[in-house]
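Data from upload_3.cif: mmCIF, C-alpha atoms and all ligand atoms
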```
data_run
#
loop_
_atom_site.group_PDB
_atom_site.id
_atom_site.type_symbol
_atom_site.label_atom_id
_atom_site.label_comp_id
_atom_site.auth_asym_id
_atom_site.auth_seq_id
_atom_site.Cartn_x
_atom_site.Cartn_y
_atom_site.Cartn_z
ATOM 1 C CA THR A 181 -5.108 16.878 13.602
ATOM 2 C CA LYS A 182 -1.817 17.659 11.860
ATOM 3 C CA ASP A 183 1.206 15.497 11.137
ATOM 4 C CA ARG A 184 4.777 16.490 11.977
ATOM 5 C CA ASN A 185 4.914 18.741 8.966
ATOM 6 C CA GLY A 186 1.656 20.510 9.819
ATOM 7 C CA ILE A 187 -0.302 18.648 7.167
ATOM 8 C CA ASP A 188 -3.867 17.702 8.049
ATOM 9 C CA GLN A 189 -4.549 14.132 8.915
ATOM 10 C CA VAL A 190 -7.695 12.301 9.933
ATOM 11 C CA VAL A 191 -7.653 10.090 13.030
ATOM 12 C CA LEU A 192 -10.068 7.142 13.014
ATOM 13 C CA ARG A 193 -10.921 5.469 16.310
ATOM 14 C CA ASN A 194 -13.321 2.602 16.947
ATOM 15 C CA PRO A 195 -15.277 2.012 20.184
ATOM 16 C CA ARG A 196 -12.700 -0.519 21.417
ATOM 17 C CA GLY A 197 -9.891 2.015 21.071
ATOM 18 C CA ALA A 198 -8.220 0.782 17.901
ATOM 19 C CA SER A 199 -7.078 3.678 15.711
ATOM 20 C CA ALA A 200 -5.733 4.667 12.314
ATOM 21 C CA GLN A 201 -4.355 7.896 10.901
ATOM 22 C CA VAL A 202 -4.562 8.941 7.268
ATOM 23 C CA SER A 203 -2.703 12.035 6.094
ATOM 24 C CA LEU A 204 -3.886 14.375 3.363
ATOM 25 C CA HIS A 205 -0.271 14.082 2.191
ATOM 26 C CA GLY A 206 -0.718 11.432 -0.450
ATOM 27 C CA GLY A 207 -3.859 9.996 1.133
ATOM 28 C CA GLN A 208 -1.291 7.921 3.024
ATOM 29 C CA VAL A 209 -2.204 5.855 6.069
ATOM 30 C CA LEU A 210 0.581 6.577 8.565
ATOM 31 C CA SER A 211 -0.600 4.549 11.511
ATOM 32 C CA TRP A 212 -2.845 1.585 12.316
ATOM 33 C CA LYS A 213 -2.981 0.529 15.971
ATOM 34 C CA THR A 214 -4.630 -2.292 17.873
ATOM 35 C CA ASP A 215 -7.067 -1.551 20.695
ATOM 36 C CA ARG A 216 -4.048 -1.965 22.980
ATOM 37 C CA GLY A 217 -2.251 0.864 21.185
ATOM 38 C CA GLU A 218 0.229 -1.440 19.415
ATOM 39 C CA GLU A 219 1.461 0.050 16.108
ATOM 40 C CA LEU A 220 1.057 -2.439 13.257
ATOM 41 C CA LEU A 221 2.606 -0.444 10.411
ATOM 42 C CA PHE A 222 6.284 0.423 10.018
ATOM 43 C CA THR A 223 7.436 4.020 9.582
ATOM 44 C CA SER A 224 11.144 4.746 9.345
ATOM 45 C CA SER A 225 12.700 6.777 12.131
ATOM 46 C CA LYS A 226 14.329 8.733 9.267
ATOM 47 C CA ALA A 227 11.115 9.326 7.320
ATOM 48 C CA ILE A 228 10.878 12.752 5.670
ATOM 49 C CA PHE A 229 7.522 14.442 6.300
ATOM 50 C CA LYS A 230 7.974 17.078 3.633
ATOM 51 C CA PRO A 231 5.991 17.016 0.410
ATOM 52 C CA PRO A 232 6.604 16.101 -2.300
ATOM 53 C CA THR A 233 8.614 13.261 -0.744
ATOM 54 C CA ALA A 234 6.481 10.279 0.195
ATOM 55 C CA VAL A 235 6.777 9.296 3.853
ATOM 56 C CA ARG A 236 8.857 6.091 4.174
ATOM 57 C CA GLY A 237 6.319 3.823 5.786
ATOM 58 C CA GLY A 238 2.600 3.363 6.362
ATOM 59 C CA ILE A 239 0.707 2.711 3.132
ATOM 60 C CA PRO A 240 1.787 4.979 0.241
ATOM 61 C CA ILE A 241 -0.567 4.721 -2.745
ATOM 62 C CA CYS A 242 1.243 4.028 -6.008
ATOM 63 C CA PHE A 243 -0.782 5.593 -8.845
ATOM 64 C CA PRO A 244 -0.947 6.013 -11.859
ATOM 65 C CA GLN A 245 2.016 3.687 -12.122
ATOM 66 C CA PHE A 246 3.887 1.211 -9.958
ATOM 67 C CA GLY A 247 7.676 1.333 -10.154
ATOM 68 C CA ASN A 248 9.472 3.362 -12.797
ATOM 69 C CA ARG A 249 8.198 1.547 -15.825
ATOM 70 C CA GLY A 250 6.560 4.603 -17.366
ATOM 71 C CA SER A 251 7.511 8.243 -17.825
ATOM 72 C CA LEU A 252 6.306 9.327 -14.391
ATOM 73 C CA GLU A 253 8.286 9.526 -11.181
ATOM 74 C CA GLN A 254 8.766 6.272 -9.280
ATOM 75 C CA HIS A 255 5.361 4.981 -8.158
ATOM 76 C CA GLY A 256 3.507 7.909 -9.736
ATOM 77 C CA PHE A 257 2.441 11.258 -8.297
ATOM 78 C CA ALA A 258 -0.617 10.433 -6.127
ATOM 79 C CA ARG A 259 1.412 9.762 -2.964
ATOM 80 C CA ASN A 260 3.336 13.021 -3.271
ATOM 81 C CA LYS A 261 0.360 15.351 -3.549
ATOM 82 C CA ILE A 262 -1.915 16.944 -0.953
ATOM 83 C CA TRP A 263 -5.400 15.410 -1.141
ATOM 84 C CA VAL A 264 -8.611 16.994 0.183
ATOM 85 C CA ILE A 265 -11.441 15.734 2.359
ATOM 86 C CA ASP A 266 -14.192 14.490 0.055
ATOM 87 C CA ASP A 267 -17.355 16.206 1.248
ATOM 88 C CA ASN A 268 -19.663 14.639 -1.290
ATOM 89 C CA ALA A 269 -18.399 11.094 -1.581
ATOM 90 C CA PRO A 270 -21.126 9.080 -3.306
ATOM 91 C CA PRO A 271 -22.527 6.444 -0.917
ATOM 92 C CA LEU A 272 -20.799 3.100 -1.159
ATOM 93 C CA HIS A 273 -23.047 0.060 -0.935
ATOM 94 C CA ALA A 274 -24.286 -0.427 2.599
ATOM 95 C CA ASN A 275 -21.870 -2.937 4.072
ATOM 96 C CA ASP A 276 -18.978 -0.624 3.331
ATOM 97 C CA SER A 277 -20.145 1.807 5.952
ATOM 98 C CA ASP A 278 -21.953 0.005 8.724
ATOM 99 C CA GLY A 279 -20.109 -0.174 12.019
ATOM 100 C CA LYS A 280 -17.133 1.644 10.611
ATOM 101 C CA THR A 281 -15.500 4.963 11.233
ATOM 102 C CA TYR A 282 -14.099 6.242 7.975
ATOM 103 C CA ALA A 283 -12.487 9.113 6.128
ATOM 104 C CA ASP A 284 -13.307 10.000 2.522
ATOM 105 C CA LEU A 285 -10.486 11.664 0.605
ATOM 106 C CA LEU A 286 -10.379 13.021 -2.925
ATOM 107 C CA PHE A 287 -7.294 13.369 -5.119
ATOM 108 C CA LYS A 288 -7.075 16.907 -6.430
ATOM 109 C CA LEU A 289 -5.913 16.769 -10.032
ATOM 110 C CA SER A 290 -3.492 19.644 -10.789
ATOM 111 C CA GLN A 291 -2.253 21.236 -13.977
ATOM 112 C CA GLU A 292 1.214 19.775 -13.423
ATOM 113 C CA ASP A 293 -0.311 16.282 -13.139
ATOM 114 C CA LEU A 294 -2.219 16.833 -16.380
ATOM 115 C CA LYS A 295 1.031 17.840 -18.053
ATOM 116 C CA VAL A 296 2.688 14.532 -17.255
ATOM 117 C CA TRP A 297 -0.484 12.441 -17.390
ATOM 118 C CA PRO A 298 -3.141 14.158 -19.540
ATOM 119 C CA HIS A 299 -6.246 12.273 -18.409
ATOM 120 C CA SER A 300 -9.270 13.639 -16.564
ATOM 121 C CA PHE A 301 -9.996 11.172 -13.796
ATOM 122 C CA GLU A 302 -11.519 11.123 -10.363
ATOM 123 C CA PHE A 303 -9.767 9.248 -7.553
ATOM 124 C CA ARG A 304 -11.739 8.765 -4.350
ATOM 125 C CA LEU A 305 -10.317 6.952 -1.354
ATOM 126 C CA ARG A 306 -12.219 5.680 1.666
ATOM 127 C CA VAL A 307 -10.121 4.585 4.638
ATOM 128 C CA SER A 308 -12.166 2.740 7.270
ATOM 129 C CA LEU A 309 -11.627 1.191 10.663
ATOM 130 C CA THR A 310 -14.126 -1.528 11.518
ATOM 131 C CA ALA A 311 -15.554 -2.360 14.943
ATOM 132 C CA ASP A 312 -13.045 -5.258 15.007
ATOM 133 C CA GLY A 313 -10.122 -2.975 14.232
ATOM 134 C CA TYR A 314 -9.749 -4.057 10.595
ATOM 135 C CA LEU A 315 -8.272 -1.391 8.322
ATOM 136 C CA THR A 316 -9.947 -1.181 4.933
ATOM 137 C CA MET A 317 -9.000 0.998 1.976
ATOM 138 C CA ILE A 318 -11.255 1.420 -1.049
ATOM 139 C CA SER A 319 -9.909 3.302 -4.058
ATOM 140 C CA ARG A 320 -12.387 4.252 -6.769
ATOM 141 C CA ILE A 321 -10.823 5.611 -9.935
ATOM 142 C CA ARG A 322 -13.088 6.846 -12.710
ATOM 143 C CA ASN A 323 -12.456 8.038 -16.242
ATOM 144 C CA ILE A 324 -14.658 11.130 -16.228
ATOM 145 C CA ASN A 325 -14.981 11.764 -19.929
ATOM 146 C CA CYS A 326 -11.657 11.473 -21.700
ATOM 147 C CA LYS A 327 -10.081 8.981 -24.025
ATOM 148 C CA PRO A 328 -9.334 5.577 -22.476
ATOM 149 C CA PHE A 329 -6.340 5.488 -20.148
ATOM 150 C CA SER A 330 -4.401 2.721 -18.413
ATOM 151 C CA PHE A 331 -2.726 2.694 -15.014
ATOM 152 C CA SER A 332 -1.060 0.357 -12.554
ATOM 153 C CA PHE A 333 -1.666 0.583 -8.822
ATOM 154 C CA ALA A 334 -0.412 -0.616 -5.436
ATOM 155 C CA TYR A 335 -1.186 -0.096 -1.762
ATOM 156 C CA HIS A 336 2.506 -0.076 -0.782
ATOM 157 C CA THR A 337 1.986 -1.507 2.708
ATOM 158 C CA TYR A 338 4.864 -1.431 5.230
ATOM 159 C CA PHE A 339 4.064 -4.023 7.911
ATOM 160 C CA SER A 340 5.895 -3.753 11.222
ATOM 161 C CA VAL A 341 7.540 -7.089 12.086
ATOM 162 C CA SER A 342 9.720 -8.058 15.040
ATOM 163 C CA ASP A 343 12.465 -9.814 13.059
ATOM 164 C CA ILE A 344 12.333 -10.307 9.274
ATOM 165 C CA SER A 345 14.247 -13.592 9.607
ATOM 166 C CA GLU A 346 11.314 -14.926 11.679
ATOM 167 C CA VAL A 347 8.633 -13.942 9.169
ATOM 168 C CA ARG A 348 6.786 -16.272 6.784
ATOM 169 C CA VAL A 349 4.340 -15.356 4.027
ATOM 170 C CA GLU A 350 1.676 -17.848 2.947
ATOM 171 C CA GLY A 351 -0.578 -17.654 -0.058
ATOM 172 C CA LEU A 352 2.026 -17.043 -2.749
ATOM 173 C CA GLU A 353 3.226 -20.618 -3.159
ATOM 174 C CA THR A 354 3.632 -21.911 -6.750
ATOM 175 C CA LEU A 355 2.775 -18.501 -8.258
ATOM 176 C CA ASP A 356 4.793 -16.903 -11.025
ATOM 177 C CA TYR A 357 6.542 -13.682 -10.092
ATOM 178 C CA LEU A 358 8.510 -10.915 -11.803
ATOM 179 C CA ASP A 359 11.822 -10.415 -10.026
ATOM 180 C CA ASN A 360 12.915 -6.788 -9.852
ATOM 181 C CA LEU A 361 16.415 -7.972 -8.946
ATOM 182 C CA TYR A 362 16.695 -9.750 -12.311
ATOM 183 C CA GLN A 363 15.288 -7.120 -14.696
ATOM 184 C CA ARG A 364 11.773 -8.298 -13.893
ATOM 185 C CA GLU A 365 12.422 -11.744 -15.352
ATOM 186 C CA ARG A 366 9.615 -14.224 -14.687
ATOM 187 C CA PHE A 367 10.167 -17.070 -12.205
ATOM 188 C CA THR A 368 7.923 -19.578 -10.450
ATOM 189 C CA GLU A 369 7.723 -19.723 -6.662
ATOM 190 C CA GLN A 370 8.396 -23.113 -5.090
ATOM 191 C CA GLY A 371 5.741 -24.922 -3.104
ATOM 192 C CA ASP A 372 6.194 -23.666 0.413
ATOM 193 C CA ALA A 373 5.889 -20.448 2.379
ATOM 194 C CA LEU A 374 8.135 -17.474 1.687
ATOM 195 C CA THR A 375 10.916 -16.779 4.193
ATOM 196 C CA PHE A 376 13.566 -14.050 4.116
ATOM 197 C CA GLU A 377 17.324 -14.086 4.270
ATOM 198 C CA SER A 378 18.278 -11.482 1.619
ATOM 199 C CA GLU A 379 16.822 -8.640 -0.468
ATOM 200 C CA VAL A 380 13.473 -9.530 -2.034
ATOM 201 C CA ASP A 381 11.731 -7.339 -4.612
ATOM 202 C CA ARG A 382 9.064 -9.255 -6.515
ATOM 203 C CA VAL A 383 5.643 -8.906 -8.049
ATOM 204 C CA TYR A 384 3.664 -12.128 -7.588
ATOM 205 C CA LEU A 385 1.088 -12.547 -10.316
ATOM 206 C CA SER A 386 -2.600 -13.434 -10.102
ATOM 207 C CA SER A 387 -2.554 -14.415 -6.456
ATOM 208 C CA SER A 388 -5.476 -15.610 -4.370
ATOM 209 C CA ASP A 389 -7.271 -12.819 -2.549
ATOM 210 C CA VAL A 390 -6.082 -13.849 0.935
ATOM 211 C CA ILE A 391 -2.422 -13.644 1.976
ATOM 212 C CA ALA A 392 -1.033 -14.260 5.496
ATOM 213 C CA VAL A 393 2.110 -12.700 6.995
ATOM 214 C CA TYR A 394 3.229 -14.620 10.102
ATOM 215 C CA ASP A 395 5.373 -12.756 12.591
ATOM 216 C CA HIS A 396 6.655 -15.652 14.659
ATOM 217 C CA GLU A 397 8.286 -13.676 17.441
ATOM 218 C CA LYS A 398 5.351 -11.322 18.051
ATOM 219 C CA LYS A 399 2.994 -14.275 17.639
ATOM 220 C CA ARG A 400 0.769 -12.298 15.330
ATOM 221 C CA THR A 401 -0.496 -12.846 11.831
ATOM 222 C CA PHE A 402 -1.447 -10.135 9.384
ATOM 223 C CA VAL A 403 -4.213 -11.205 7.028
ATOM 224 C CA ILE A 404 -4.468 -9.330 3.733
ATOM 225 C CA ARG A 405 -7.729 -9.598 1.815
ATOM 226 C CA LYS A 406 -8.047 -7.830 -1.488
ATOM 227 C CA ASP A 407 -10.398 -7.344 -4.412
ATOM 228 C CA GLY A 408 -9.537 -5.884 -7.800
ATOM 229 C CA LEU A 409 -5.839 -6.277 -6.944
ATOM 230 C CA PRO A 410 -4.615 -9.473 -8.638
ATOM 231 C CA ASP A 411 -0.913 -9.065 -7.885
ATOM 232 C CA VAL A 412 1.164 -8.923 -4.679
ATOM 233 C CA VAL A 413 4.417 -6.995 -4.290
ATOM 234 C CA VAL A 414 6.852 -8.408 -1.723
ATOM 235 C CA TRP A 415 9.776 -6.181 -0.817
ATOM 236 C CA ASN A 416 12.490 -6.111 1.766
ATOM 237 C CA PRO A 417 15.561 -3.986 0.901
ATOM 238 C CA TRP A 418 17.914 -5.954 3.217
ATOM 239 C CA GLU A 419 21.207 -4.486 4.354
ATOM 240 C CA LYS A 420 22.911 -3.103 1.244
ATOM 241 C CA LYS A 421 19.886 -1.307 -0.239
ATOM 242 C CA SER A 422 18.913 -0.014 3.239
ATOM 243 C CA LYS A 423 22.234 1.818 3.434
ATOM 244 C CA SER A 424 21.484 3.531 0.102
ATOM 245 C CA MET A 425 18.185 5.061 1.288
ATOM 246 C CA VAL A 426 18.555 8.356 3.198
ATOM 247 C CA ASP A 427 15.077 8.061 4.716
ATOM 248 C CA PHE A 428 15.629 4.552 6.053
ATOM 249 C CA GLY A 429 17.819 3.309 8.908
ATOM 250 C CA ASP A 430 20.620 0.858 8.096
ATOM 251 C CA GLU A 431 19.138 -1.819 10.365
ATOM 252 C CA GLU A 432 15.456 -1.049 9.826
ATOM 253 C CA TYR A 433 15.026 -3.732 7.177
ATOM 254 C CA LYS A 434 14.851 -6.169 10.112
ATOM 255 C CA GLN A 435 11.600 -4.650 11.360
ATOM 256 C CA MET A 436 9.586 -4.262 8.173
ATOM 257 C CA LEU A 437 8.172 -6.108 5.216
ATOM 258 C CA CYS A 438 6.171 -4.704 2.315
ATOM 259 C CA VAL A 439 3.383 -6.972 1.088
ATOM 260 C CA ASP A 440 1.255 -4.882 -1.262
ATOM 261 C CA GLY A 441 -2.106 -5.556 -2.855
ATOM 262 C CA ALA A 442 -1.487 -4.358 -6.404
ATOM 263 C CA ALA A 443 -2.545 -4.374 -10.055
ATOM 264 C CA ILE A 444 0.680 -4.306 -12.041
ATOM 265 C CA GLU A 445 1.132 -7.085 -14.615
ATOM 266 C CA LYS A 446 -2.048 -6.160 -16.478
ATOM 267 C CA PRO A 447 -2.581 -2.396 -16.196
ATOM 268 C CA ILE A 448 -6.199 -1.356 -15.775
ATOM 269 C CA THR A 449 -7.764 0.427 -18.752
ATOM 270 C CA LEU A 450 -10.802 2.647 -18.240
ATOM 271 C CA LYS A 451 -13.023 3.896 -21.039
ATOM 272 C CA PRO A 452 -14.959 7.162 -20.539
ATOM 273 C CA GLY A 453 -17.340 6.840 -17.614
ATOM 274 C CA GLU A 454 -15.855 3.538 -16.413
ATOM 275 C CA GLU A 455 -14.781 3.147 -12.783
ATOM 276 C CA TRP A 456 -12.339 0.736 -11.152
ATOM 277 C CA THR A 457 -12.454 -0.233 -7.476
ATOM 278 C CA GLY A 458 -9.451 -1.586 -5.578
ATOM 279 C CA ARG A 459 -10.305 -2.859 -2.118
ATOM 280 C CA LEU A 460 -7.840 -3.848 0.589
ATOM 281 C CA GLU A 461 -8.700 -5.201 4.027
ATOM 282 C CA LEU A 462 -5.997 -5.676 6.650
ATOM 283 C CA SER A 463 -6.564 -7.527 9.896
ATOM 284 C CA VAL A 464 -4.282 -8.977 12.524
ATOM 285 C CA MET A 465 -4.727 -12.153 14.542
ATOM 286 C CA LEU A 466 -2.836 -12.495 17.792
ATOM 287 C CA SER A 467 -1.995 -16.171 18.158
ATOM 288 C CA THR A 468 -1.875 -17.459 21.704
HETATM 289 O O1 LIG A 501 9.058 -3.290 -5.270
HETATM 290 C C1 LIG A 501 8.960 -2.269 -4.394
HETATM 291 C C2 LIG A 501 9.775 -1.082 -4.874
HETATM 292 O O2 LIG A 501 9.539 -0.786 -6.216
HETATM 293 C C3 LIG A 501 11.259 -1.338 -4.621
HETATM 294 O O3 LIG A 501 11.969 -1.546 -5.808
HETATM 295 C C4 LIG A 501 11.681 -0.062 -3.898
HETATM 296 O O4 LIG A 501 12.031 0.929 -4.824
HETATM 297 C C5 LIG A 501 10.403 0.269 -3.149
HETATM 298 O O5 LIG A 501 9.376 0.034 -4.098
HETATM 299 C C6 LIG A 501 10.356 1.640 -2.552
HETATM 300 O O6 LIG A 501 10.148 2.590 -3.540
HETATM 301 P P1 LIG A 501 10.176 4.135 -3.072
HETATM 302 O O7 LIG A 501 9.963 4.932 -4.309
HETATM 303 O O8 LIG A 501 9.065 4.313 -2.056
HETATM 304 O O9 LIG A 501 11.512 4.340 -2.428
#
```
Could you render the structure from this file as structure tokens?
Ligand code: TA6
Amino acid sequence: TKDRNGIDQVVLRNPRGASAQVSLHGGQVLSWKTDRGEELLFTSSKAIFKPPTAVRGGIPICFPQFGNRGSLEQHGFARNKIWVIDDNAPPLHANDSDGKTYADLLFKLSQEDLKVWPHSFEFRLRVSLTADGYLTMISRIRNINCKPFSFSFAYHTYFSVSDISEVRVEGLETLDYLDNLYQRERFTEQGDALTFESEVDRVYLSSSDVIAVYDHEKKRTFVIRKDGLPDVVVWNPWEKKSKSMVDFGDEEYKQMLCVDGAAIEKPITLKPGEEWTGRLELSVMLST
């Protein structure tokens, strides 16, 4: 099917009726719904569906850099480009396919990318929906045959929440984090769950591979499982920053929270022929 800007997207549906949509624009997941048709990801009502702008919401892929630490545009170019369907994706090991509907996408390296980032790499993405409605994303990035290169990476995941002031994040207690609001100075998180009453923009370092996002009002819990992604970005722009973003509603910060599986503190370096895999699994538990 096509998104609002006429760009191809793949719709995944499992036998119970859960669904997901991944657009060839940036390889970005734009929707993930329960078998009751409930949308679990946030997309701004003011999102711009026009390349090369990344759509404000869903799960933009930040590659080859997170943030604006390097010479590239903010969060790198992968999310701004048009990907292609990967017709000859090498088979993943068995359990990555059974019982899943999935889409295999391939990043199409362009001359302009090579100008800003002169490395020959292959970036394959598999987006899957399991029989239980879990959304999984597997990124495989390989240095084909060029000199070693390093990159940072994030699945910039916009969760839909009912009211940010009723949200709690567990799994990041006592970790160190880099605070983007204080020039990325390093702090240590205190011992209890994260709650939100102002702008938060942090990279938690070397977290456990399971994080929980409790949405108290909707009585649902997002569970994030990750592999190859040691860090977790937590971001809510709050009121002031929301007003400064044209593709974001002034009040929309109340209905979203970014909790991203990422590899940021220690960029990944690949020698020729080496491949990195970053795996994210999202599920949602509806508490009674
Ligand atoms: O930490 C997340 C972050 O880097 C924030 O600083 C904010 O810029 C957010 O990403 C969104 O970035 P974007 O380029 O999508 O507007």
Report task. Please identify every polymer residue within 7 Å of ligand LIG 501 (chain A), using all atoms listed in the file, and present the set as number ranges by chain. Result -> A: 234, 236, 247, 254-255, 360, 381-382, 413-415
Please identify every residue of segment 233-279 of chain A that has at least one atom no farther than 9 Å from an atom of segment 200-209 of chain A, counting all atoms listed in the file, and for each give the shortest atom pair and the distance in Å to one decimal, arranged by chain then increasing number, as JSON lines.
```
{"residue": "A:Ala234", "atom": "CA", "partner": "A:Gly206", "partner_atom": "CA", "distance": 7.3}
{"residue": "A:Val235", "atom": "CA", "partner": "A:Gln208", "partner_atom": "CA", "distance": 8.2}
{"residue": "A:Gly237", "atom": "CA", "partner": "A:Val209", "partner_atom": "CA", "distance": 8.8}
{"residue": "A:Gly238", "atom": "CA", "partner": "A:Val209", "partner_atom": "CA", "distance": 5.4}
{"residue": "A:Ile239", "atom": "CA", "partner": "A:Val209", "partner_atom": "CA", "distance": 5.2}
{"residue": "A:Pro240", "atom": "CA", "partner": "A:Gln208", "partner_atom": "CA", "distance": 5.1}
{"residue": "A:Ile241", "atom": "CA", "partner": "A:Gln208", "partner_atom": "CA", "distance": 6.6}
{"residue": "A:Phe257", "atom": "CA", "partner": "A:Gly206", "partner_atom": "CA", "distance": 8.5}
{"residue": "A:Ala258", "atom": "CA", "partner": "A:Gly206", "partner_atom": "CA", "distance": 5.8}
{"residue": "A:Arg259", "atom": "CA", "partner": "A:Gly206", "partner_atom": "CA", "distance": 3.7}
{"residue": "A:Asn260", "atom": "CA", "partner": "A:Gly206", "partner_atom": "CA", "distance": 5.2}
{"residue": "A:Lys261", "atom": "CA", "partner": "A:Gly206", "partner_atom": "CA", "distance": 5.1}
{"residue": "A:Ile262", "atom": "CA", "partner": "A:His205", "partner_atom": "CA", "distance": 4.6}
{"residue": "A:Trp263", "atom": "CA", "partner": "A:Leu204", "partner_atom": "CA", "distance": 4.9}
{"residue": "A:Val264", "atom": "CA", "partner": "A:Leu204", "partner_atom": "CA", "distance": 6.3}
{"residue": "A:Ile265", "atom": "CA", "partner": "A:Leu204", "partner_atom": "CA", "distance": 7.7}
```
Requested in this report: Excluding Glu455 of chain A and residues on its chain fewer than 2 positions from it, collect all residues at most 8 Å away from it, counting only C-alpha atoms, and give them as a PyMOL selection string.
Outcome: chain A and resi 320-323+450+453+457
Report task. Please check which residues have atoms at most 9 Å from (-3.6, -8.6, -7.3) in the file's coordinates, counting all atoms listed in the file, and write them as a ChimeraX atom specification. Result -> /A:334,384-389,406-413,440-445
Write out as a PDB file with C-alpha atoms, keeping the file's coordinate frame the residues lying within 9 Å of Arg364 of chain A, counting all atoms listed in the file and excluding same-chain residues fewer than 6 positions away.
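Okay, part_1.pdb is ready:
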```pdb
ATOM      1  CA  TYR A 357       6.542 -13.682 -10.092  1.00  0.00           C
ATOM      2  CA  LEU A 358       8.510 -10.915 -11.803  1.00  0.00           C
ATOM      3  CA  ARG A 382       9.064  -9.255  -6.515  1.00  0.00           C
ATOM      4  CA  VAL A 383       5.643  -8.906  -8.049  1.00  0.00           C
TER       5      VAL A 383
END
```
Query - Result set, the PyMOL selection byres (((chain A and resi 211) around 12) and not hetatm) on current file, as a ChimeraX atom specification - result: /A:183,189-193,198-203,208-210,212-214,217-224,235,237-240,307,309,315,337-340
Query raised in the report: Ser308 of chain A: which residues within 7 Å, counting all atoms listed in the file, same-chain residues fewer than 4 positions away excluded, as an MDAnalysis selection string?
Result: chainID A and resid 280:283 315:317
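Residues matched by the PyMOL selection byres (((chain A and resi 252) around 12) and not hetatm) in this structure: A:Cys242, A:Phe243, A:Pro244, A:Gln245, A:Phe246, A:Gly247, A:Asn248, A:Arg249, A:Gly250, A:Ser251, A:Glu253, A:Gln254, A:His255, A:Gly256, A:Phe257, A:Ala258, A:Glu292, A:Asp293, A:Leu294, A:Lys295, A:Val296, A:Trp297, A:Pro298, A:Phe331, A:Ser332.
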Taking C-alpha atoms for each residue, export the selection above as a PDB file, in the frame of the given file.
```
ATOM      1  CA  CYS A 242       1.243   4.028  -6.008  1.00  0.00           C
ATOM      2  CA  PHE A 243      -0.782   5.593  -8.845  1.00  0.00           C
ATOM      3  CA  PRO A 244      -0.947   6.013 -11.859  1.00  0.00           C
ATOM      4  CA  GLN A 245       2.016   3.687 -12.122  1.00  0.00           C
ATOM      5  CA  PHE A 246       3.887   1.211  -9.958  1.00  0.00           C
ATOM      6  CA  GLY A 247       7.676   1.333 -10.154  1.00  0.00           C
ATOM      7  CA  ASN A 248       9.472   3.362 -12.797  1.00  0.00           C
ATOM      8  CA  ARG A 249       8.198   1.547 -15.825  1.00  0.00           C
ATOM      9  CA  GLY A 250       6.560   4.603 -17.366  1.00  0.00           C
ATOM     10  CA  SER A 251       7.511   8.243 -17.825  1.00  0.00           C
ATOM     11  CA  GLU A 253       8.286   9.526 -11.181  1.00  0.00           C
ATOM     12  CA  GLN A 254       8.766   6.272  -9.280  1.00  0.00           C
ATOM     13  CA  HIS A 255       5.361   4.981  -8.158  1.00  0.00           C
ATOM     14  CA  GLY A 256       3.507   7.909  -9.736  1.00  0.00           C
ATOM     15  CA  PHE A 257       2.441  11.258  -8.297  1.00  0.00           C
ATOM     16  CA  ALA A 258      -0.617  10.433  -6.127  1.00  0.00           C
ATOM     17  CA  GLU A 292       1.214  19.775 -13.423  1.00  0.00           C
ATOM     18  CA  ASP A 293      -0.311  16.282 -13.139  1.00  0.00           C
ATOM     19  CA  LEU A 294      -2.219  16.833 -16.380  1.00  0.00           C
ATOM     20  CA  LYS A 295       1.031  17.840 -18.053  1.00  0.00           C
ATOM     21  CA  VAL A 296       2.688  14.532 -17.255  1.00  0.00           C
ATOM     22  CA  TRP A 297      -0.484  12.441 -17.390  1.00  0.00           C
ATOM     23  CA  PRO A 298      -3.141  14.158 -19.540  1.00  0.00           C
ATOM     24  CA  PHE A 331      -2.726   2.694 -15.014  1.00  0.00           C
ATOM     25  CA  SER A 332      -1.060   0.357 -12.554  1.00  0.00           C
TER      26      SER A 332
END
```
Requested in this report: Excluding His299 of chain A and residues on its chain fewer than 5 positions from it, collect all residues at most 10 Å away from it, counting all atoms listed in the file, and give them as a ChimeraX atom specification.
Outcome: /A:289,293-294,323-330
Requested in this report: Go ahead and find all residues with at least one atom no further than 7 Å from (14.5, 4.6, 11.0) in the file's coordinates, using all atoms listed in the file; report them as a VMD selection string.
Outcome: chain A and resid 224 to 227 428 to 429 432
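Every residue that the PyMOL selection byres (((chain A and resi 377) around 12) and not hetatm) selects in this file is listed here: Asp343, Ile344, Ser345, Glu346, Val347, Arg348, Leu374, Thr375, Phe376, Ser378, Glu379, Val380, Asn416, Pro417, Trp418, Glu419, Tyr433 and Lys434 of chain A.
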Query raised in the report: Hey, can you check how far atom CA of Met436 of chain A sits from atom CA of Ile448 of chain A?
Result: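 Atom-to-atom, atom CA of Met436 of chain A and atom CA of Ile448 of chain A are spaced 28.8 Å apart.
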Query - Gap from atom CA of Ser463 of chain A to atom CA of Arg306 of chain A - Å, one decimal - result: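 Here the two named atoms are 16.6 Å from each other.
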Query raised in the report: Given the choices A:Thr401, A:Gly279, A:Pro270, A:Phe367, which gets closest to Leu305 of chain A if the distance is worked out from only C-alpha atoms?
Result: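 Of all the options, A:Pro270 lies closest to Leu305 of chain A.
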Would you compute, for all listed atoms of segment 297-304 of chain A, the axis-aligned bounding box grown by 6 Å on each side, and then report its centre and edge lengths in Å rounded to one decimal, as JSON?
```
{"center_x": -6.1, "center_y": 11.5, "center_z": -11.9, "size_x": 23.3, "size_y": 17.4, "size_z": 27.2}
```
Report summary line: Nearest to Pro452 of chain A, restricted to only C-alpha atoms and choosing among A:Asp215, A:Val403, A:His336, A:Glu302, comes out as A:Glu302
Query - Pairwise distance for atom CA of Lys230 of chain A and atom CA of Tyr314 of chain A, rounded to one decimal in Å - result: 28.4 Å
Query raised in the report: Nearest to Thr368 of chain A: which of A:Ala311, A:Cys438, A:Ile404, A:Leu352 is it, counting all atoms listed in the file?
Result: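 That would be A:Leu352, the residue with the smallest distance to Thr368 of chain A.
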